[in-house]
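K.L.:
Submitted below is the structure of interest, expressed as structure tokens.
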Amino acid sequence: MPSRTTDLLGGKAQAPKPTPPKPSYEPFPGSGFFHVGQKSPVITAMGRRLVAEGCGRYEEGPGPEWTEADRLSYQAWQQKLHFKGKDADGIPGRVSWEKLRVPNS
């Protein structure tokens, strides 16, 4: 009896087809991560995604240090997602972060 990996026509074993890797995104670091003075490659990667989404509000950058330009850019992203009030304050939350899909830095 042929195994699951045996080619029924030729009787030769075939290796299973590799599954393409899923994109790897930065996990949500928590709202407290985003504050003046915070430096991380994650902030640069986030800024690049915001620019790609048409939400960049940078005169310079994005760069690794959290700045007001990052907050304004993220606020534009939240507003693009139709968030309002406290939900569009420019500080990332889990839902908006996951929708941004920041690649691993």
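Identifiers for the structure tokens are assigned positionally: chains receive A, B, ... in sequence, residues are indexed from 1 per chain, and ligands are indexed from 1 in the order shown.
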Can you tell me, as a PyMOL selection string, what residues are no more than 12 Å from Gly93 (chain A) when counting only C-alpha atoms, ignoring any on the same chain fewer than 3 positions away?

P.N.:
chain A and resi 27-34+74-75+77-78+83+86-90+96-100

K.L.:
Please report the interatomic distance between CA of Val95 (chain A) and CA of Arg48 (chain A) in Å with one decimal.

P.N.:
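CA of Val95 (chain A) sits 18.4 Å away from CA of Arg48 (chain A).
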
K.L.:
What is the distance, in Å and to one decimal place, between CA of Cys55 (chain A) and CA of Ser24 (chain A)?

P.N.:
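Atom-to-atom, CA of Cys55 (chain A) and CA of Ser24 (chain A) are spaced 21.9 Å apart.
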
K.L.:
Near Ala69 (chain A), counting only C-alpha atoms, which residues have an atom at most 8 Å away, once you skip same-chain residues fewer than 5 positions from it, shown as a list of chain:residue names?

P.N.:
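Returned residues: A:Arg57, A:Tyr58, A:Glu59.
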
K.L.:
Would you please extract all alpha helix (DSSP H) residues from chain A, as assigned by DSSP on the backbone, and give them as a ChimeraX atom specification?

P.N.:
/A:41-52,68-80,94-100

K.L.:
Smallest atom-to-atom distance to Arg49 (chain A): which of A:Pro62, A:Pro92, A:Pro18, A:Gly85, using only C-alpha atoms?

P.N.:
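Distance minimum relative to Arg49 (chain A) lands on A:Pro62.
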